[in-house]
Structures are given as structure tokens and as C-alpha cells.
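Okay, so here's the structure we're looking at.
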Protein chains: 2
Amino acid sequence: MVQGNESFEIYLKDDSQNPTFSFKDRASALVSAWAMENGISTLIAASTGNAGSSLAGICAAQHQKSIILIPAKAPLAKLTQIMMYGANIIPVNGTYDDAFDLSVEASRLFGFYNRNTAYNPLTIEGKKIVSFEIYNQLEFQVPDRVFVPTGDGVILSGVYKGFEEMLLLGITDRIPVIVAVQAAGSPNLVNNIDHQNFSITKSATIADSISVDVPKNFFMSAGFMKKYKGESVTVTDEEILQASVQLSGSAGIFAEPAAAAAFAGLLNFTRSDRIPHGSKNVVLLTGNGLKDLASVQSQIHLPAPVDPDILSLGQLIRTILSKNP
Amino acid sequence: MVQGNESFEIYLKDDSQNPTFSFKDRASALVSAWAMENGISTLIAASTGNAGSSLAGICAAQHQKSIILIPAKAPLAKLTQIMMYGANIIPVNGTYDDAFDLSVEASRLFGFYNRNTAYNPLTIEGKKIVSFEIYNQLEFQVPDRVFVPTGDGVILSGVYKGFEEMLLLGITDRIPVIVAVQAAGSPNLVNNIDHQNFSITKSATIADSISVDVPKNFFMSAGFMKKYKGESVTVTDEEILQASVQLSGSAGIFAEPAAAAAFAGLLNFTRSDRIPHGSKNVVLLTGNGLKDLASVQSQIHLPAPVDPDILSLGQLIRTILSKNP
């Protein structure tokens, strides 16, 4: 639980401490194991972010080769982790979609195993495990709501699949309300669920891990949302940044913007009184704040320095204490 | 174990997945608990790096107040994590030593609990636990060597204290050889152990977490080194960076330069044939590579982009595979 003053319970499910510091390791670990079991030594994916870092890191640990295709315009800083893990990184003169399609062709041509998100079905099988963990860690209770940061919809589908399997197996008796949280600057999954004609908003958000023009897992995740009466909310970049500060300061968990977005979704629901008294609410925190220090710079402010004597310092400390006794 | 081709065993003890992503959490957790037990609500420390982030993050999680004094010239990027955790950060017009001394005065004046490294004895009590964990995770065997990244000497003393306590309690029958690894650009602990007159080299290394002019835990750690015949090695920034690449690429663990330095120490020992056949060697990896992406930029090289067609890509992939079949 984050704070004591709410009338409901908040559980933070933190994946920032995974081997490569994001939720994506749940998928990569399974994909890597399948390749090994089937004698495939090289894995490939198109990704500029957490999926690429994750595949590269897991492959390094398992002594497998990885090839990561990226759009040539991706910023170098984002690729540091991928390259440090020794992946063969290949910039493509084109978009992410070009890199995605090429990686599929290359895996057919060379017999590589392809980890692309929303392409390899094992990614959802890896991701669904989080639902088993949530049920287990809540001491065999189904939570009332799970806030899920949403881009392509793969994590959303994974969370649903995990809870659905427990329901079908008779382990549980209900599915929690899953709340798909998208950035207001990239609302292309939640805005299309109820519409006949799919329309796309060009994405613009600091939450790059959930910034997606065409959600590649749309039909599966939208199907789950309709079947189980999922809810949704979009949050602005300002809400995401404020949520990030509140999350770090109240729980000591420094999350990347996409993960803070899920917490922003919960705060948004709280403000509009959409969370029932006494309910159990889980927030998926899918990535580490150290992955994106640039985005939060606007939220931190270094005070003016004090002189190195105890009188000056004492005065300042008294001011600080009086503001926050 | 990292690789299969050595004639000895390597065990990586990785603290990059701790709550604030460094070894320092072992100390902060205990300091925070002691303060809570003794009814002290505000903790203070002087730090520009992992100790400050760690205290701030643990205090946030425990709903305690933290005050972090820093030299005013510390780079803003290093302070992001501290500030995101909601610490009261106070820049001091002076050096780290000024900030250190002021924090001690302030804790006396206001009754704050002071976490300064090499000042609060509980930091060593927290850090010694790593030795118990190593013994436990090696299935109740004492390793032959432990490579410890070394700045002030507090982690070094903590590791020794843990193994010494197990020896004195009759749990184990020997102390491993502890190898103090320092940056060649900041060798102020290991270079002074055997000398009568203490001399200081002005520090200059990329491994900022072990960059120390006057090692504040010198006498205790040097005492342990003499008593138990510790060994030492200094590694250059170039060795550190190469070790970082090798570590990430072979084990999937992305470590900060100070942590990679410990692995560089092991590689250095390997090259000079100082590691016995069949021995068990532990490397302490004390911090997360995401904390310092700037330092490794020289080690990564983005190849030229390919055109988005399978013929161009196929040709490039064949070249990659032929180099590394």
C-alpha cells in the first residue's frame, strides 16, 4: 500500500527490478527458453526500447545471439542498454513498422526466432504470469482493479489471459476490472474500442514505452475489454509527471513515465471517485525510472546553495521543517 | 558463473536490482529501521550519489524525512534520483568534506539520525550481511576470493566483518582472500596500506562511486587487509569500460563503472594468472549501469543503417553471422 489515507487499498506490482529493469523480461525469458529448447541460437526483434533491451540482456545471460532492428532515427541514448548487452543492432532507413516487417522476413529467411511484441504469441504467455503472481501475492484473492499501462495492448491481453485461465480452471471465481491506461497523447487503443471505423491520432507523449500509433494487439485486447467490461482512462503528460513524483516520494519506487502513467490512471480514478471504498487496487509498474532521466527534469528543482556554516544551514533546516513538520 | 572457458568459478553477486539499484540499500535499510525504532523521524547524510539516492528512497518508502547535503558543484543529472524520492536536498557552497562535516553538526543540533558512510557504524552492520548471503548462496561454502570495489573502504570492512563474525562463531573455518579493487585514478586506500606516511593522489576516474581522495574508513579496512592478508589491484578507466562491456555481453548484467571495476579486477588477476585453478571467485556488483549511461558511450558504436529491403538486410546479416558463427 502506498499511503494510509485512502479508503481503499493500493498494491504496487513493481517490475523495475527485473534483470533488464522492465516488465518485458517476462516475455523475453520465455521466448529465449523456447528458442533454446528448439535448438535456435539466434533471436531477432524490432524495438527501440524495453523489448529490445530485454531480449538483448536475456540472450546475453543465456549465451544466445540477438539481432535488434531499429529505425535509424532512434536516439542513441535509448539504445545504450541494448548495445551494452552485445546485441547486433541494425539501424533501418525507415519506420518502426519497416523494421518490424523486415525482422519477420529475416526470421523466415534465416530461421531466427522472432520476439516481436504482438507477433510472437509466447510474449503473452510470459506476460500472463504477472496475474498468477498478483493472485498469489494477494494471498489467493482476486483484486478489484488492475491498472495497466497500455500501448500495443500486449500487456493488457497478457493480464487478462492470466486471470481468464485461473477462472476457467476454477481457481478463481471472477475477473478483476482491468483499467487500460493510455497516454492522452497516444490514445489509439482505448479510443477505438467502441468504434466501427478505426482512427489514428499521431502519437506525442513522454511515455515512450506506450507511445503507439497502431496498437498491434488491438483486436485481442479490445476483445478482452469488451468480454470482461474493462475500463479505460487517458492521462496527460502533466498527470504522468506528477504521478511519477508522487510515486517516488510516497513509495520509494522510481518508475519510467509509461509505468507512472498507470499510477496516474489510479490517481485520475481517485479524483473522479471511481474507486469503491474498501476495494483492492493493483498498479502495474512496468519499467525503471533510471531508463528515462530526461523526462522528469522539469519536476525537480535544485534549491539555492547555503554557505558552509551551521548558522546558515540551521536557518534553512528550520524553514524546511516548518513547512513540513 | 559468467563463462565456461575459465579454469575457475566466477560468481556475480549483483546488487543492481536492490530497491534503489545499489549496494547502499543494505546500509540505508538498517539505518532507517534503527531511526524508526528510536523514534527519530528525520535522517540526514552528505552524498552526491548512491548513498544519497538510497537513503532518500528508503526513507520515502518508510515515510521518513530525509535531508541530503551535497557540494553545490555536483552535476544535476546525478541528483535526479535523490530529488525524485522527495528528499530535502541542500547544496552547500563547499566540498564534499564540508557537506559531511555540516551534516554531522546538523544531526547533533536537530537530533537527526546521520547515515554518513564511514561515520554511522550501522552502515557496516548492514553491509556485512552480503557475506552471510554469499556463504548461504554458495551452499555453505566460503569462496576463495571476493573482489570488492573500493573507495572509502566501508564495503571492504563490511565484507570482512561478515566473514569474521562467521569465523568467530565457528560457522566457518576461514576468511576468503578479499581483493580490494580501486580505480587507478583514485588508489588512495590500497596505495597507503603499507606506508608510514599517508599520501593522497587527487582522484580522476569515471568510476565516481569509488572516487575518493581521503578514504574515510582507512584504518578499519586497512587493519582487516593486514590481519587477513587481503590483496589489492588498481584498474584503469579503460579496463573498467572493457570489463563493463564484457560483463553485460556475457552475463546480461549492466553495471555502473564502480561495479564493473570489481570485474575488471578479476580480469586483471586472470591475465596475470593470480587465480588458482578450481577456485571459487565472487565479484561484488554494487550498482546499476543505468545510473551512468554517459560513461559507456565511448564503448558503443551504432553501425551504418541499411535500406528497408530484405536483400540489403540479408547481406548484412550474412556478414554478421560470418564474423560470429
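Letters A, B, ... go to the chains of the C-alpha cells in the order shown; residues in each chain start at 1; ligands are counted from 1 in the same order.
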Using only C-alpha atoms and a distance of at most 6 Å, pull out the residues of chain B that contact chain A, as a ChimeraX atom specification. /B:17,57,60-61,84-86,91-93,245,248-252,290,305-308
Using only C-alpha atoms, which residues sit within 9 Å of B:Gln182 once same-chain residues fewer than 4 positions away are excluded, as a VMD selection string? chain B and resid 148 to 151 186 to 190 210 to 211 232 to 236 258 261 to 262 265
At a cut-off of 6 Å, using only C-alpha atoms, what residues contact B:Leu43? Leave out same-chain residues fewer than 5 positions from it and give the result as an NGL selection string. :B and (66 or 112-114)
For the selection you just gave me, I'd like the residues written to a file as a CSV table (one decimal), in the first residue's frame, keeping N, CA and C atoms.
```
chain,number,residue,atom,x,y,z
B,66,SER,N,14.0,12.8,4.8
B,66,SER,CA,15.5,12.8,4.6
B,66,SER,C,16.0,14.1,4.1
B,112,PHE,N,18.7,14.8,14.3
B,112,PHE,CA,18.5,13.9,13.2
B,112,PHE,C,19.4,12.7,13.3
B,113,TYR,N,19.1,11.6,12.6
B,113,TYR,CA,19.9,10.4,12.6
B,113,TYR,C,20.8,10.5,11.3
B,114,ASN,N,22.1,10.4,11.5
B,114,ASN,CA,23.1,10.6,10.4
B,114,ASN,C,23.5,9.3,9.8
```
Write out as a compact mmCIF listing (two decimals) with N, CA and C atoms, in the first residue's frame all residues of stretch 17-62 of chain A that backbone DSSP assigns to alpha helix (DSSP H).
```txt
# COMPACT_ATOMS: atom_id res chain seq x y z
N ASP A 25 10.94 -8.49 -19.54
CA ASP A 25 11.72 -9.70 -19.25
C ASP A 25 10.82 -10.92 -19.08
N ARG A 26 9.58 -10.70 -18.67
CA ARG A 26 8.65 -11.82 -18.52
C ARG A 26 8.45 -12.52 -19.86
N ALA A 27 8.36 -11.74 -20.93
CA ALA A 27 8.19 -12.30 -22.27
C ALA A 27 9.52 -12.85 -22.80
N SER A 28 10.59 -12.06 -22.67
CA SER A 28 11.88 -12.46 -23.25
C SER A 28 12.39 -13.76 -22.65
N ALA A 29 12.19 -13.94 -21.35
CA ALA A 29 12.69 -15.14 -20.70
C ALA A 29 12.06 -16.39 -21.31
N LEU A 30 10.76 -16.32 -21.58
CA LEU A 30 10.06 -17.48 -22.14
C LEU A 30 10.47 -17.70 -23.60
N VAL A 31 10.56 -16.61 -24.36
CA VAL A 31 10.96 -16.69 -25.76
C VAL A 31 12.38 -17.27 -25.87
N SER A 32 13.27 -16.81 -25.02
CA SER A 32 14.65 -17.31 -25.01
C SER A 32 14.68 -18.80 -24.67
N ALA A 33 13.89 -19.20 -23.70
CA ALA A 33 13.87 -20.61 -23.29
C ALA A 33 13.33 -21.50 -24.42
N TRP A 34 12.29 -21.01 -25.10
CA TRP A 34 11.70 -21.78 -26.20
C TRP A 34 12.73 -21.97 -27.32
N ALA A 35 13.45 -20.90 -27.65
CA ALA A 35 14.47 -20.98 -28.71
C ALA A 35 15.53 -22.01 -28.33
N MET A 36 15.96 -21.96 -27.07
CA MET A 36 16.99 -22.90 -26.63
C MET A 36 16.49 -24.34 -26.71
N GLU A 37 15.26 -24.54 -26.26
CA GLU A 37 14.68 -25.88 -26.27
C GLU A 37 14.57 -26.42 -27.69
N ASN A 50 12.36 -1.04 -24.38
CA ASN A 50 12.45 -2.08 -23.36
C ASN A 50 12.47 -3.50 -23.93
N ALA A 51 11.70 -3.76 -25.00
CA ALA A 51 11.67 -5.11 -25.56
C ALA A 51 13.04 -5.47 -26.12
N GLY A 52 13.66 -4.53 -26.80
CA GLY A 52 15.00 -4.77 -27.35
C GLY A 52 16.04 -4.96 -26.27
N SER A 53 16.04 -4.10 -25.25
CA SER A 53 16.97 -4.24 -24.13
C SER A 53 16.78 -5.58 -23.46
N SER A 54 15.53 -5.94 -23.29
CA SER A 54 15.21 -7.16 -22.58
C SER A 54 15.69 -8.38 -23.35
N LEU A 55 15.37 -8.43 -24.64
CA LEU A 55 15.82 -9.58 -25.44
C LEU A 55 17.35 -9.65 -25.45
N ALA A 56 17.99 -8.50 -25.63
CA ALA A 56 19.46 -8.47 -25.68
C ALA A 56 20.07 -8.96 -24.37
N GLY A 57 19.51 -8.50 -23.26
CA GLY A 57 20.06 -8.86 -21.95
C GLY A 57 19.85 -10.33 -21.61
N ILE A 58 18.64 -10.82 -21.88
CA ILE A 58 18.35 -12.23 -21.58
C ILE A 58 19.20 -13.13 -22.49
N CYS A 59 19.33 -12.76 -23.76
CA CYS A 59 20.17 -13.55 -24.68
C CYS A 59 21.63 -13.55 -24.21
N ALA A 60 22.12 -12.40 -23.74
CA ALA A 60 23.49 -12.35 -23.23
C ALA A 60 23.67 -13.33 -22.08
N ALA A 61 22.72 -13.32 -21.16
CA ALA A 61 22.81 -14.20 -20.00
C ALA A 61 22.74 -15.67 -20.41
N GLN A 62 22.02 -15.97 -21.49
CA GLN A 62 21.83 -17.36 -21.93
C GLN A 62 22.81 -17.76 -23.03
```
Test item: residues at most 8 Å from A:Ile129, only C-alpha atoms, excluding those fewer than 6 positions along its chain, as a list in words: Arg26, Gly158, Val159 and Gly162 of chain A
Could you find all residues in stretch 232-279 of chain B that DSSP calls strand (DSSP E or B) from the backbone, and write them as a PyMOL selection string? chain B and resi 232-235+255
Save the residues we just selected, C-alpha atoms, as an mmCIF file, in the first residue's frame?
```cif
data_model
loop_
_atom_site.group_PDB
_atom_site.id
_atom_site.type_symbol
_atom_site.label_atom_id
_atom_site.label_comp_id
_atom_site.auth_asym_id
_atom_site.auth_seq_id
_atom_site.Cartn_x
_atom_site.Cartn_y
_atom_site.Cartn_z
ATOM 1 C CA SER B 232 44.619 -5.415 -3.970
ATOM 2 C CA VAL B 233 44.706 -4.222 -7.538
ATOM 3 C CA THR B 234 44.115 -0.958 -9.354
ATOM 4 C CA VAL B 235 42.366 -0.851 -12.717
ATOM 5 C CA ALA B 255 26.678 -2.487 -14.009
#
```
Please provide as a PyMOL selection string all residues within 12 Å of B:Pro143, with the sequence filter that same-chain residues fewer than 4 positions apart are discarded (counting only C-alpha atoms). chain B and resi 8-12+131-139+147+163+172-178+278-283
Residue with the minimum atom-to-atom distance to B:Ala204, picked from B:Ala183, B:Leu168, B:Ala46, B:Ala118 with only C-alpha atoms counted, is B:Ala183
